[in-house]
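Chemist: Below is my_file20.txt; it holds compact mmCIF, C-alpha atoms.
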# COMPACT_ATOMS: atom_id res chain seq x y z
CA MET A 857 -3.60 17.93 -23.58
CA SER A 858 -6.51 20.33 -23.48
CA ARG A 859 -6.20 23.59 -21.59
CA ALA A 860 -9.40 22.73 -19.74
CA ALA A 861 -7.83 19.51 -18.43
CA ILE A 862 -4.80 21.46 -17.18
CA ARG A 863 -7.06 23.99 -15.42
CA TYR A 864 -9.13 21.25 -13.77
CA ALA A 865 -5.98 19.39 -12.70
CA LYS A 866 -4.46 22.52 -11.14
CA ALA A 867 -7.71 23.35 -9.34
CA ILE A 868 -8.11 19.82 -7.97
CA LEU A 869 -4.48 19.79 -6.83
CA GLU A 870 -5.07 23.07 -5.01
CA PHE A 871 -8.18 21.68 -3.26
CA ALA A 872 -6.37 18.45 -2.41
CA THR A 873 -3.34 20.33 -1.03
CA GLU A 874 -5.58 22.52 1.15
CA ALA A 875 -7.30 19.38 2.46
CA GLY A 876 -3.93 17.69 3.08
CA LYS A 877 -4.88 14.92 0.65
CA ALA A 878 -2.74 15.73 -2.41
CA GLU A 879 -0.85 12.43 -2.26
CA ALA A 880 -4.00 10.34 -1.76
CA VAL A 881 -5.73 12.14 -4.65
CA ASN A 882 -2.59 11.52 -6.75
CA ALA A 883 -3.08 7.78 -6.13
CA ASP A 884 -6.74 8.16 -7.21
CA MET A 885 -5.66 9.95 -10.38
CA LYS A 886 -3.10 7.24 -11.19
CA GLN A 887 -5.82 4.61 -10.81
CA ILE A 888 -8.22 6.63 -12.99
CA ALA A 889 -5.59 7.25 -15.68
CA THR A 890 -4.56 3.58 -15.76
CA SER A 891 -8.15 2.34 -15.83
CA ILE A 892 -9.25 4.62 -18.65
CA ALA A 893 -6.08 4.03 -20.69
CA GLY A 894 -6.56 0.28 -20.32
CA SER A 895 -10.23 0.16 -21.31
CA GLN A 896 -11.45 1.22 -24.72
CA GLU A 897 -15.02 0.61 -23.52
CA LEU A 898 -14.58 3.10 -20.67
CA LYS A 899 -13.03 5.67 -23.04
CA ASP A 900 -15.93 5.26 -25.46
CA PHE A 901 -18.47 5.44 -22.63
CA LEU A 902 -17.05 8.69 -21.26
CA SER A 903 -16.81 10.36 -24.66
CA ASN A 904 -20.22 9.18 -25.97
CA PRO A 905 -22.47 12.26 -26.30
CA ILE A 906 -25.64 10.13 -26.35
CA ILE A 907 -25.17 8.76 -22.82
CA LYS A 908 -26.75 11.05 -20.23
CA ILE A 909 -24.29 12.90 -18.03
CA GLU A 910 -25.99 11.68 -14.83
CA ILE A 911 -25.42 8.06 -15.94
CA LYS A 912 -21.75 8.85 -16.57
CA LYS A 913 -21.42 10.41 -13.11
CA SER A 914 -23.07 7.51 -11.27
CA SER A 915 -21.06 5.00 -13.31
CA VAL A 916 -17.74 6.74 -12.64
CA GLU A 917 -18.57 6.98 -8.93
CA ALA A 918 -19.37 3.23 -8.90
CA ILE A 919 -16.22 2.27 -10.85
CA PHE A 920 -13.98 4.41 -8.62
CA SER A 921 -15.92 3.89 -5.39
CA GLY A 922 -13.01 4.13 -2.93
CA VAL A 923 -11.71 7.53 -4.00
CA GLN A 924 -11.06 10.60 -1.86
CA PRO A 925 -13.82 13.21 -1.28
CA VAL A 926 -11.78 15.69 -3.37
CA THR A 927 -11.88 13.26 -6.31
CA LEU A 928 -15.64 12.92 -5.84
CA LYS A 929 -15.86 16.73 -6.05
CA LEU A 930 -14.09 16.51 -9.41
CA PHE A 931 -16.73 14.03 -10.63
CA LYS A 932 -19.46 16.41 -9.46
CA LEU A 933 -17.78 19.33 -11.24
CA LEU A 934 -17.38 17.34 -14.46
CA ASN A 935 -21.06 16.42 -14.19
CA GLU A 936 -22.12 20.06 -13.79
CA ASN A 937 -19.97 21.16 -16.73
CA LYS A 938 -20.68 18.07 -18.88
CA ARG A 939 -16.95 17.36 -19.34
CA PHE A 940 -16.46 13.67 -18.46
CA GLU A 941 -14.67 13.11 -21.78
CA ILE A 942 -11.56 14.86 -20.40
CA LEU A 943 -11.35 12.84 -17.15
CA HIS A 944 -8.36 10.83 -18.42
CA GLN A 945 -6.49 13.99 -19.46
CA ILE A 946 -7.20 15.59 -16.08
CA ALA A 947 -5.88 12.52 -14.23
CA VAL A 948 -2.68 12.39 -16.32
CA GLN A 949 -2.15 16.13 -15.93
CA TYR A 950 -2.74 15.98 -12.16
CA ASN A 951 -0.06 13.28 -11.83
CA ALA A 952 2.41 15.35 -13.86
CA ILE A 953 1.80 18.56 -11.88
CA PHE A 954 1.93 16.67 -8.56
CA ASP A 955 5.25 15.05 -9.49
CA GLU A 956 6.71 18.36 -10.66
CA LYS A 957 5.70 20.16 -7.42
CA ASN A 958 7.23 17.40 -5.33
CA GLY A 959 10.51 17.19 -7.26
CA ILE A 960 9.66 13.76 -8.64
CA GLN A 961 10.78 12.95 -12.14
CA VAL A 962 9.43 10.03 -14.16
CA ALA A 963 12.01 7.89 -15.88
CA LYS A 964 10.63 5.78 -18.70
CA VAL A 965 12.62 2.59 -19.00
CA THR A 966 12.08 0.31 -21.98
CA THR A 967 13.38 -3.24 -21.57
CA ALA A 968 13.08 -6.48 -23.52
CA VAL A 969 11.76 -8.25 -20.40
CA PRO A 970 10.23 -6.91 -17.15
CA LEU A 971 12.72 -5.03 -14.94
CA THR A 972 14.54 -7.15 -12.39
CA PRO A 973 15.68 -5.58 -9.11
CA GLU A 974 19.29 -5.87 -10.37
CA LEU A 975 18.56 -4.01 -13.63
CA GLU A 976 16.52 -1.43 -11.72
CA LYS A 977 19.61 -0.70 -9.56
CA GLN A 978 21.70 -0.21 -12.73
CA VAL A 979 19.11 2.15 -14.18
CA LEU A 980 18.86 4.15 -10.93
CA ALA A 981 22.68 4.39 -10.80
CA LYS A 982 22.73 5.77 -14.35
CA ILE A 983 19.95 8.25 -13.53
CA ALA A 984 21.88 9.49 -10.47
CA THR A 985 24.68 10.66 -12.79
CA PHE A 986 22.47 13.30 -14.42
CA SER A 987 19.47 13.96 -12.18
CA ASP A 988 19.27 14.98 -8.53
CA LYS A 989 15.48 14.61 -8.32
CA LYS A 990 13.50 11.75 -6.81
CA ILE A 991 12.88 9.28 -9.60
CA THR A 992 9.85 7.12 -10.34
CA ILE A 993 10.48 4.35 -12.85
CA GLU A 994 7.87 3.50 -15.48
CA ASN A 995 8.75 0.25 -17.22
CA SER A 996 7.53 -0.69 -20.69
CA ILE A 997 8.47 -3.89 -22.47
CA ASN A 998 9.63 -4.02 -26.09
CA PRO A 999 11.22 -7.35 -27.15
CA ASP A 1000 12.65 -5.65 -30.28
CA ILE A 1001 15.45 -4.06 -28.24
CA ILE A 1002 16.79 -7.63 -27.60
CA GLY A 1003 18.43 -6.76 -24.25
CA GLY A 1004 19.69 -3.89 -22.11
CA PHE A 1005 17.47 -0.83 -21.70
CA ILE A 1006 16.46 2.53 -23.13
CA LEU A 1007 16.12 5.26 -20.51
CA THR A 1008 14.11 8.43 -21.19
CA ILE A 1009 13.89 11.30 -18.71
CA GLY A 1010 12.26 14.46 -19.96
CA ASP A 1011 13.96 15.21 -23.28
CA MET A 1012 17.09 13.13 -22.57
CA GLN A 1013 17.52 9.57 -23.77
CA TYR A 1014 20.20 7.00 -22.93
CA ASN A 1015 20.14 3.96 -25.20
CA ALA A 1016 21.93 0.93 -23.73
CA SER A 1017 19.99 -1.61 -25.76
CA VAL A 1018 21.56 -4.55 -27.58
CA ALA A 1019 19.66 -3.57 -30.75
CA ASN A 1020 21.27 -0.10 -30.63
CA LYS A 1021 24.76 -1.56 -30.18
CA LEU A 1022 24.16 -3.91 -33.16
CA ASN A 1023 23.05 -0.95 -35.28
CA GLU A 1024 26.19 0.98 -34.29
CA LEU A 1025 28.35 -1.99 -35.34
CA ARG A 1026 26.44 -2.23 -38.64
CA ARG A 1027 27.12 1.47 -39.32
CA GLU A 1028 30.81 1.05 -38.44
CA PHE A 1029 31.23 -1.87 -40.83
CA SER A 1030 29.36 -0.16 -43.66
CA ASN A 1031 31.70 2.89 -43.54
Please go through the file and, once you have read it, give me the structure as structure tokens.

Modeler:
Amino acid sequence: MSRAAIRYAKAILEFATEAGKAEAVNADMKQIATSIAGSQELKDFLSNPIIKIEIKKSSVEAIFSGVQPVTLKLFKLLNENKRFEILHQIAVQYNAIFDEKNGIQVAKVTTAVPLTPELEKQVLAKIATFSDKKITIENSINPDIIGGFILTIGDMQYNASVANKLNELRREFSN
């Protein structure tokens, strides 16, 4: 993460907080981060030095047309400073700072199949044993874990996957 992206994110959060729109801008930033992460074409477009900065600004404003006025100010600022290539980093950083300020912690849950409401309850129950913060669950799917889940919060990891249990059994039998 570039220091510039962190500075932009903090500044935009400050503006958004003053305007009473921090949560709405957080939703904008999530949309921006997801869109850029999911589109190699958009990443390439924003980082291409040949494309004129005005074209980048008008394109970004068209792509993200329903955003808050504070988010539009960010686009204007990035245009003035010719820094559209760090838009994704700014969005990700904004989300992280917003969550931290609001006592929200992101729990990354890896499952073999998409989370069911039942499994989500189990995961939230496990999280409650070691975190008193509000939790947002981010689910990623990895069929290699066979079943169960792997929970990561900050630097802690709880591995309740079938693949992990099989590996433990393998180690036990090989000793």

Chemist: Could you list, as a PyMOL selection string, every residue within 10 Å of Lys899 in chain A, counting all atoms listed in the file and ignoring same-chain residues fewer than 3 positions away?

Modeler: chain A and resi 891-896+902-904+940-944

Chemist: Just give me the gap between CA of Asn995 in chain A and CA of Leu971 in chain A in Å, one decimal is fine.

Modeler: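 Taking CA of Asn995 in chain A and CA of Leu971 in chain A, their separation equals 7.0 Å.
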
Chemist: Skip range 921-924 of chain A itself and residues of its chain fewer than 4 positions away, then list as a PyMOL selection string all residues within 9 Å of it, counting all atoms listed in the file.

Modeler: chain A and resi 877+880-881+883-884+916-917+928-929

Chemist: Which neighbours of Tyr950 in chain A fall inside 12 Å, counting all atoms listed in the file, when residues of the same chain fewer than 3 positions from it are skipped, and could you give them as an MDAnalysis selection string?

Modeler: chainID A and resid 857 861:873 878:889 927 930 943:947 953:957

Chemist: If you count all atoms listed in the file, which residues fall within 10 Å of Ala1019 in chain A, apart from same-chain ones fewer than 5 positions away, as a list in words?

Modeler: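 The residues satisfying every condition are Pro999, Asp1000, Ile1001, Ile1002, Gly1003, Gly1004, Phe1005, Glu1024 and Leu1025 of chain A.
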
Chemist: Rounded to one decimal in Å, what is the spacing between CA of Val965 in chain A and CA of Thr985 in chain A?

Modeler: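 Interatomic distance here is 15.8 Å.
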
Chemist: What is the distance between CA of Leu980 in chain A and CA of Gln1013 in chain A, in Å to one decimal?

Modeler: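 Here the two named atoms are 14.0 Å from each other.
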
Chemist: Compare A:Ala860, A:Ile991, A:Val1018, A:Val969 by their minimum atom-to-atom distance to Arg939 in chain A, counting all atoms listed in the file, and give me the closest one.

Modeler: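 Once distances to Arg939 in chain A are computed over all atoms listed in the file, the minimum belongs to A:Ala860.
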
Chemist: With all atoms listed in the file as the basis for distance, which of A:Ala875, A:Ala1016, A:Ile993, A:Ile906 is at the shortest distance from Ile960 in chain A?

Modeler: A:Ile993

Chemist: Please give the centre and size of the box around range 983-990 of chain A (axis-aligned, containing every atom listed in the file, 6 Å added per side), with values in Å to one decimal and written as JSON.

Modeler:
{"center_x": 19.1, "center_y": 11.6, "center_z": -10.6, "size_x": 23.2, "size_y": 18.7, "size_z": 19.6}

Chemist: If we count only C-alpha atoms, what is near Ser996 in chain A at a cut-off of 8 Å, once residues fewer than 3 positions away on the same chain are taken out, given as a PyMOL selection string?

Modeler: chain A and resi 964-967+970
